[in-house]
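J.: Contents are mmCIF, C-alpha atoms; file name coords03.cif:
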data_work
loop_
_atom_site.label_atom_id
_atom_site.label_comp_id
_atom_site.auth_asym_id
_atom_site.auth_seq_id
_atom_site.Cartn_x
_atom_site.Cartn_y
_atom_site.Cartn_z
CA MET B 1 98.11 135.21 76.35
CA SER B 2 95.15 132.87 76.61
CA LYS B 3 93.19 132.58 79.85
CA THR B 4 92.42 128.92 79.12
CA LYS B 5 93.61 126.67 81.96
CA TYR B 6 92.09 123.36 80.88
CA ILE B 7 90.80 121.85 77.68
CA LEU B 8 87.94 119.42 78.28
CA GLY B 9 86.93 116.74 75.81
CA LEU B 10 83.42 115.42 76.52
CA PHE B 11 82.52 111.96 75.25
CA GLU B 12 79.22 110.04 75.22
CA ASP B 13 80.82 106.59 75.05
CA PRO B 14 83.56 105.18 77.31
CA ASP B 15 85.17 103.32 74.39
CA GLU B 16 85.56 106.57 72.46
CA MET B 17 87.05 108.17 75.56
CA MET B 18 89.57 105.33 75.88
CA HIS B 19 90.43 105.80 72.19
CA GLY B 20 90.89 109.52 72.90
CA ILE B 21 93.30 108.70 75.72
CA ASP B 22 95.29 106.50 73.33
CA LEU B 23 95.45 109.24 70.67
CA LEU B 24 96.49 111.89 73.20
CA GLN B 25 99.22 109.68 74.60
CA LYS B 26 100.41 108.77 71.10
CA ASN B 27 100.78 112.50 70.35
CA SER B 28 102.56 113.12 73.70
CA VAL B 29 99.79 115.31 75.10
CA PRO B 30 99.83 115.06 78.94
CA ILE B 31 96.42 114.27 80.43
CA TYR B 32 95.59 116.16 83.64
CA ASP B 33 92.70 113.94 84.76
CA VAL B 34 89.74 111.88 83.57
CA PHE B 35 86.24 112.18 85.04
CA THR B 36 83.65 109.46 84.49
CA PRO B 37 80.14 108.87 85.85
CA MET B 38 80.93 105.18 86.45
CA PRO B 39 84.02 103.04 87.03
CA ILE B 40 85.88 102.00 83.88
CA HIS B 41 87.96 98.84 83.98
CA GLY B 42 91.61 99.34 83.05
CA ILE B 43 91.67 103.14 83.00
CA GLU B 44 94.14 103.36 85.90
CA ARG B 45 96.67 101.20 84.08
CA LYS B 46 96.21 103.18 80.85
CA LEU B 47 96.74 106.51 82.65
CA GLY B 48 99.71 105.16 84.62
CA ILE B 49 98.14 105.65 88.05
CA LYS B 50 100.03 103.81 90.77
CA ASP B 51 98.37 101.51 93.31
CA SER B 52 97.03 103.21 96.41
CA ARG B 53 99.02 103.22 99.64
CA LEU B 54 95.88 103.34 101.77
CA GLY B 55 96.43 99.73 102.85
CA TYR B 56 99.63 100.77 104.60
CA ALA B 57 97.78 103.57 106.36
CA ALA B 58 95.07 101.10 107.47
CA PHE B 59 97.71 98.76 108.88
CA MET B 60 99.36 101.60 110.80
CA PHE B 61 96.04 102.79 112.25
CA GLY B 62 95.28 99.21 113.30
CA CYS B 63 98.68 98.85 114.97
CA LEU B 64 98.16 102.16 116.76
CA GLY B 65 94.73 101.08 118.05
CA GLY B 66 95.90 97.63 119.15
CA THR B 67 98.97 99.01 120.89
CA THR B 68 97.00 101.78 122.58
CA ILE B 69 94.35 99.54 124.15
CA PHE B 70 96.76 96.74 125.02
CA SER B 71 98.97 99.25 126.83
CA MET B 72 95.99 100.84 128.59
CA ALA B 73 94.51 97.50 129.66
CA TYR B 74 97.88 96.23 130.85
CA TYR B 75 98.52 99.36 132.89
CA MET B 76 95.02 99.49 134.40
CA LEU B 77 94.57 95.78 135.14
CA VAL B 78 98.11 94.77 136.10
CA HIS B 79 99.90 97.82 137.53
CA ASP B 80 97.33 100.37 138.67
CA TRP B 81 94.52 98.25 140.08
CA PRO B 82 95.32 94.53 140.10
CA MET B 83 92.49 92.30 141.29
CA ASN B 84 92.63 88.70 142.41
CA ILE B 85 89.61 87.07 140.78
CA GLY B 86 89.42 83.37 141.53
CA GLY B 87 93.18 83.02 141.76
CA LYS B 88 93.67 83.88 138.08
CA PRO B 89 96.81 85.76 137.12
CA ALA B 90 96.42 89.53 136.58
CA PHE B 91 98.20 89.36 133.20
CA ALA B 92 96.32 86.71 131.23
CA ILE B 93 96.76 87.54 127.54
CA PRO B 94 93.58 85.74 126.35
CA ASP B 95 91.55 88.22 128.43
CA PHE B 96 93.06 91.12 126.47
CA ILE B 97 92.38 89.75 122.96
CA PRO B 98 88.70 90.78 122.46
CA ILE B 99 89.14 94.42 123.49
CA THR B 100 92.42 94.68 121.58
CA PHE B 101 90.71 93.40 118.42
CA GLU B 102 87.78 95.79 118.81
CA TRP B 103 90.00 98.85 119.28
CA THR B 104 92.15 97.78 116.33
CA VAL B 105 89.06 97.77 114.11
CA LEU B 106 87.78 101.03 115.63
CA PHE B 107 91.05 102.92 115.07
CA THR B 108 91.33 101.53 111.54
CA ALA B 109 87.79 102.59 110.63
CA PHE B 110 88.09 106.12 111.99
CA GLY B 111 91.62 106.55 110.71
CA MET B 112 90.69 105.43 107.20
CA THR B 113 87.65 107.72 107.15
CA LEU B 114 89.81 110.71 108.07
CA THR B 115 92.52 109.64 105.62
CA PHE B 116 89.94 109.33 102.82
CA PHE B 117 88.57 112.81 103.52
CA PHE B 118 92.09 114.25 103.65
CA ALA B 119 93.26 112.52 100.44
CA THR B 120 90.18 113.38 98.35
CA HIS B 121 89.44 116.84 99.77
CA LEU B 122 85.84 115.77 100.42
CA PHE B 123 85.46 117.12 103.91
CA PRO B 124 81.85 117.41 105.09
CA GLY B 125 80.40 120.76 104.08
CA ARG B 126 82.90 121.36 101.29
CA THR B 127 81.72 121.78 97.71
CA PRO B 128 82.98 118.91 95.51
CA ARG B 129 85.53 119.84 92.86
CA VAL B 130 84.23 118.91 89.42
CA MET B 131 85.49 120.13 86.03
CA ASP B 132 82.13 119.68 84.28
CA LEU B 133 78.89 118.81 86.08
CA ARG B 134 77.86 116.42 83.30
CA ALA B 135 80.72 114.14 84.33
CA THR B 136 78.58 113.13 87.32
CA ASP B 137 75.63 112.22 85.08
CA ASP B 138 76.21 111.07 81.51
CA ARG B 139 79.48 112.39 80.04
CA PHE B 140 83.04 111.09 80.09
CA VAL B 141 85.52 113.94 80.40
CA ILE B 142 89.22 114.11 79.58
CA ALA B 143 90.89 117.18 81.10
CA ILE B 144 94.12 118.43 79.56
CA ASP B 145 96.28 121.14 81.11
CA ALA B 146 96.34 123.96 78.55
CA LYS B 147 99.72 125.25 79.75
CA GLY B 148 101.51 122.47 77.84
CA SER B 149 103.58 122.92 74.67
CA THR B 150 100.96 121.41 72.33
CA PRO B 151 98.86 124.05 70.52
CA HIS B 152 95.20 124.20 71.57
CA GLU B 153 94.00 123.67 68.00
CA ASP B 154 95.93 120.39 67.76
CA ILE B 155 94.46 119.14 71.03
CA THR B 156 90.96 120.09 69.88
CA LYS B 157 91.50 118.25 66.59
CA ILE B 158 92.76 115.11 68.37
CA LEU B 159 89.76 115.11 70.70
CA LYS B 160 87.30 115.63 67.82
CA ASP B 161 88.98 112.83 65.83
CA ALA B 162 88.60 110.52 68.83
CA GLY B 163 84.84 111.15 68.93
CA ALA B 164 84.39 113.97 71.43
CA VAL B 165 80.90 115.47 71.19
CA GLU B 166 82.12 118.74 72.69
CA VAL B 167 85.46 120.39 73.41
CA LYS B 168 85.48 123.16 76.02
CA HIS B 169 88.20 125.61 76.98
CA ASN B 170 87.89 126.31 80.72
CA ASP B 171 89.33 129.44 82.28
CA ARG B 172 88.95 128.14 85.85
CA LYS B 173 89.86 124.89 87.49
CA TYR B 174 86.51 123.77 88.89
CA VAL B 175 82.88 124.72 88.45
CA SER B 176 80.68 125.60 91.39
CA TYR B 177 77.17 124.37 92.06
CA GLU B 178 75.72 127.84 92.59
#
Here is the file; what I need is its structure written in the form of structure tokens.
T.:
Amino acid sequence: MSKTKYILGLFEDPDEMMHGIDLLQKNSVPIYDVFTPMPIHGIERKLGIKDSRLGYAAFMFGCLGGTTIFSMAYYMLVHDWPMNIGGKPAFAIPDFIPITFEWTVLFTAFGMTLTFFFATHLFPGRTPRVMDLRATDDRFVIAIDAKGSTPHEDITKILKDAGAVEVKHNDRKYVSYE
């Protein structure tokens, strides 16, 4: 049995890589992932990647922050230590708006930072997971899971026909920087 886990097709041109994606999909070869050194317009739609749900997470973090500070301010200024300042009422909602807005933004920013680190596995101090280091510089990489039913020779031929300058058979998931 082969030790190959992933077959990598390395391209010099993004248009050739997009053509390679089309050929692989036409031949029913499942694509594991695509690594590019720059953003490519339309690749998410072509790969069938769904829209991110991070906006919902941001909204929930904002609601949590706004509710937290509004509850704290209400408890501290109305119930725990009410003060009569110039005859104004203790519970004047316009006085609560600035601090509520600031904490909403604060909770959203910190929450989204933590969510981003959790979703991408890019915690500080962790080595980034990259299939081929040239994907961060000048190569466009299509990664195909080698455990599929399509023979490796057919996948290699499809990638070469699409314009791949190199086809690699990886025996491990990610390379290390050491």
J.: With all atoms of segment 147-163 of chain B from the file as input, state the centre and edge lengths in Å to one decimal of the axis-aligned box that has 4 Å extra on each side, as JSON.
T.:
{"center_x": 94.2, "center_y": 117.9, "center_z": 72.8, "size_x": 26.7, "size_y": 22.7, "size_z": 21.9}
J.: With a distance cut-off of 6 Å and all atoms listed in the file, select the neighbouring residues of segment 32-37 of chain B, excluding the residue or stretch itself and same-chain residues fewer than 2 positions from it, and output the selection as a ChimeraX atom specification.
T.: /B:135-137,140-145
J.: With distances taken over all atoms listed in the file, which of B:Pro124, B:Cys63, B:Lys5, B:Ser149 is nearest to Pro30 of chain B?
T.: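 Result for the nearest residue to Pro30 of chain B: B:Ser149.
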J.: Could you jot down the atom CA of Thr104 of chain B to atom CA of Phe61 of chain B separation for me, Å, one decimal place?
T.: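 Separation between atom CA of Thr104 of chain B and atom CA of Phe61 of chain B: 7.5 Å.
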J.: Compare B:Met83, B:Leu106, B:Leu122, B:Ile158 by their minimum atom-to-atom distance to Asp22 of chain B, counting all atoms listed in the file, and give me the closest one.
T.: B:Ile158
J.: Using all atoms listed in the file for the distances, tell me which of B:Ile155, B:Ile99, B:Met72, B:Glu166 is nearest to Lys26 of chain B.
T.: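 Smallest separation from Lys26 of chain B among the options: B:Ile155.
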J.: Taking the file as shown, what set of residues would the PyMOL selection byres ((chain B and resi 55) around 12) give back, as a ChimeraX atom specification?
T.: /B:51-54,56-62,108-109,111-112,115-116
J.: Determine the residue set returned by the PyMOL selection byres ((chain B and resi 16) around 10) for the present structure, and present it as a list in words.
T.: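 Applying the PyMOL selection byres ((chain B and resi 16) around 10) to the structure shown produces Leu10, Phe11, Glu12, Asp13, Pro14, Asp15, Met17, Met18, His19, Gly20, Ile21, Asp22, Phe140, Leu159, Asp161, Ala162, Gly163 and Ala164 of chain B.
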J.: Could you tell me which of B:Lys3, B:Tyr74, B:Thr120, B:Trp103 comes closest to Ala90 of chain B if we count only C-alpha atoms?
T.: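 Ranked by minimum distance to Ala90 of chain B, first place goes to B:Tyr74.
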J.: Quick one: pull the distance between atom CA of Val165 of chain B and atom CA of Arg139 of chain B, Å, one decimal.
T.: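 Pair atom CA of Val165 of chain B / atom CA of Arg139 of chain B returns 9.5 Å.
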J.: Could you list, as a PyMOL selection string, every residue within 8 Å of His169 of chain B, counting only C-alpha atoms and ignoring same-chain residues fewer than 6 positions away?
T.: chain B and resi 4-8
J.: Using atom CA of Pro98 of chain B and atom CA of Tyr75 of chain B as the two end points, give the distance in Å to one decimal.
T.: 16.7 Å
J.: Looking at B:Lys168, B:Phe91, B:Thr127, B:Ser71, which one is nearest to Thr156 of chain B, with distances taken over all atoms listed in the file?
T.: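 Checking each candidate against Thr156 of chain B, we get B:Lys168 as the closest.
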J.: Identify which of the residues B:Leu77, B:Val105, B:Leu133, B:Ala92 lies closest to Leu64 of chain B, counting all atoms listed in the file when measuring atom-to-atom distances.
T.: B:Val105
J.: Provide segment 63-88 of chain B rebuilt to N, CA and C atoms, formatted as a PDB file, in the frame of the given file.
T.:
ATOM      1  N   CYS B  63      97.592  99.052 113.990  1.00  0.00           N
ATOM      2  CA  CYS B  63      98.680  98.850 114.970  1.00  0.00           C
ATOM      3  C   CYS B  63      98.595  99.876 116.098  1.00  0.00           C
ATOM      4  N   LEU B  64      98.295 101.118 115.742  1.00  0.00           N
ATOM      5  CA  LEU B  64      98.160 102.160 116.760  1.00  0.00           C
ATOM      6  C   LEU B  64      97.021 101.832 117.724  1.00  0.00           C
ATOM      7  N   GLY B  65      95.872 101.419 117.197  1.00  0.00           N
ATOM      8  CA  GLY B  65      94.730 101.080 118.050  1.00  0.00           C
ATOM      9  C   GLY B  65      95.008  99.886 118.939  1.00  0.00           C
ATOM     10  N   GLY B  66      95.593  98.824 118.359  1.00  0.00           N
ATOM     11  CA  GLY B  66      95.900  97.630 119.150  1.00  0.00           C
ATOM     12  C   GLY B  66      96.920  97.916 120.241  1.00  0.00           C
ATOM     13  N   THR B  67      97.942  98.665 119.903  1.00  0.00           N
ATOM     14  CA  THR B  67      98.970  99.010 120.890  1.00  0.00           C
ATOM     15  C   THR B  67      98.417  99.902 121.991  1.00  0.00           C
ATOM     16  N   THR B  68      97.577 100.856 121.598  1.00  0.00           N
ATOM     17  CA  THR B  68      97.000 101.780 122.580  1.00  0.00           C
ATOM     18  C   THR B  68      96.173 101.037 123.620  1.00  0.00           C
ATOM     19  N   ILE B  69      95.227 100.207 123.178  1.00  0.00           N
ATOM     20  CA  ILE B  69      94.350  99.540 124.150  1.00  0.00           C
ATOM     21  C   ILE B  69      95.085  98.458 124.927  1.00  0.00           C
ATOM     22  N   PHE B  70      96.022  97.762 124.286  1.00  0.00           N
ATOM     23  CA  PHE B  70      96.760  96.740 125.020  1.00  0.00           C
ATOM     24  C   PHE B  70      97.581  97.386 126.134  1.00  0.00           C
ATOM     25  N   SER B  71      98.193  98.535 125.812  1.00  0.00           N
ATOM     26  CA  SER B  71      98.970  99.250 126.830  1.00  0.00           C
ATOM     27  C   SER B  71      98.074  99.768 127.947  1.00  0.00           C
ATOM     28  N   MET B  72      96.922 100.331 127.565  1.00  0.00           N
ATOM     29  CA  MET B  72      95.990 100.840 128.590  1.00  0.00           C
ATOM     30  C   MET B  72      95.479  99.712 129.481  1.00  0.00           C
ATOM     31  N   ALA B  73      95.050  98.619 128.871  1.00  0.00           N
ATOM     32  CA  ALA B  73      94.510  97.500 129.660  1.00  0.00           C
ATOM     33  C   ALA B  73      95.596  96.914 130.567  1.00  0.00           C
ATOM     34  N   TYR B  74      96.794  96.766 130.037  1.00  0.00           N
ATOM     35  CA  TYR B  74      97.880  96.230 130.850  1.00  0.00           C
ATOM     36  C   TYR B  74      98.150  97.147 132.042  1.00  0.00           C
ATOM     37  N   TYR B  75      98.233  98.439 131.797  1.00  0.00           N
ATOM     38  CA  TYR B  75      98.520  99.360 132.890  1.00  0.00           C
ATOM     39  C   TYR B  75      97.394  99.334 133.927  1.00  0.00           C
ATOM     40  N   MET B  76      96.139  99.407 133.468  1.00  0.00           N
ATOM     41  CA  MET B  76      95.020  99.490 134.400  1.00  0.00           C
ATOM     42  C   MET B  76      94.783  98.190 135.163  1.00  0.00           C
ATOM     43  N   LEU B  77      94.922  97.048 134.509  1.00  0.00           N
ATOM     44  CA  LEU B  77      94.570  95.780 135.140  1.00  0.00           C
ATOM     45  C   LEU B  77      95.735  95.079 135.831  1.00  0.00           C
ATOM     46  N   VAL B  78      96.962  95.452 135.501  1.00  0.00           N
ATOM     47  CA  VAL B  78      98.110  94.770 136.100  1.00  0.00           C
ATOM     48  C   VAL B  78      98.853  95.692 137.073  1.00  0.00           C
ATOM     49  N   HIS B  79      99.099  96.930 136.686  1.00  0.00           N
ATOM     50  CA  HIS B  79      99.900  97.820 137.530  1.00  0.00           C
ATOM     51  C   HIS B  79      99.054  98.701 138.450  1.00  0.00           C
ATOM     52  N   ASP B  80      98.059  99.364 137.906  1.00  0.00           N
ATOM     53  CA  ASP B  80      97.330 100.370 138.670  1.00  0.00           C
ATOM     54  C   ASP B  80      96.341  99.762 139.659  1.00  0.00           C
ATOM     55  N   TRP B  81      95.566  98.794 139.229  1.00  0.00           N
ATOM     56  CA  TRP B  81      94.520  98.250 140.080  1.00  0.00           C
ATOM     57  C   TRP B  81      94.407  96.733 139.880  1.00  0.00           C
ATOM     58  N   PRO B  82      95.401  95.980 140.287  1.00  0.00           N
ATOM     59  CA  PRO B  82      95.320  94.530 140.100  1.00  0.00           C
ATOM     60  C   PRO B  82      94.274  93.916 141.043  1.00  0.00           C
ATOM     61  N   MET B  83      93.508  92.987 140.490  1.00  0.00           N
ATOM     62  CA  MET B  83      92.490  92.300 141.290  1.00  0.00           C
ATOM     63  C   MET B  83      92.710  90.796 141.224  1.00  0.00           C
ATOM     64  N   ASN B  84      92.545  90.149 142.356  1.00  0.00           N
ATOM     65  CA  ASN B  84      92.630  88.700 142.410  1.00  0.00           C
ATOM     66  C   ASN B  84      91.226  88.137 142.243  1.00  0.00           C
ATOM     67  N   ILE B  85      90.934  87.629 141.063  1.00  0.00           N
ATOM     68  CA  ILE B  85      89.610  87.070 140.780  1.00  0.00           C
ATOM     69  C   ILE B  85      89.757  85.573 140.594  1.00  0.00           C
ATOM     70  N   GLY B  86      89.381  84.829 141.596  1.00  0.00           N
ATOM     71  CA  GLY B  86      89.420  83.370 141.530  1.00  0.00           C
ATOM     72  C   GLY B  86      90.807  82.804 141.389  1.00  0.00           C
ATOM     73  N   GLY B  87      91.812  83.523 141.820  1.00  0.00           N
ATOM     74  CA  GLY B  87      93.180  83.020 141.760  1.00  0.00           C
ATOM     75  C   GLY B  87      93.804  83.109 140.381  1.00  0.00           C
ATOM     76  N   LYS B  88      93.116  83.756 139.433  1.00  0.00           N
ATOM     77  CA  LYS B  88      93.670  83.880 138.080  1.00  0.00           C
ATOM     78  C   LYS B  88      94.782  84.924 138.084  1.00  0.00           C
TER      79      LYS B  88
END
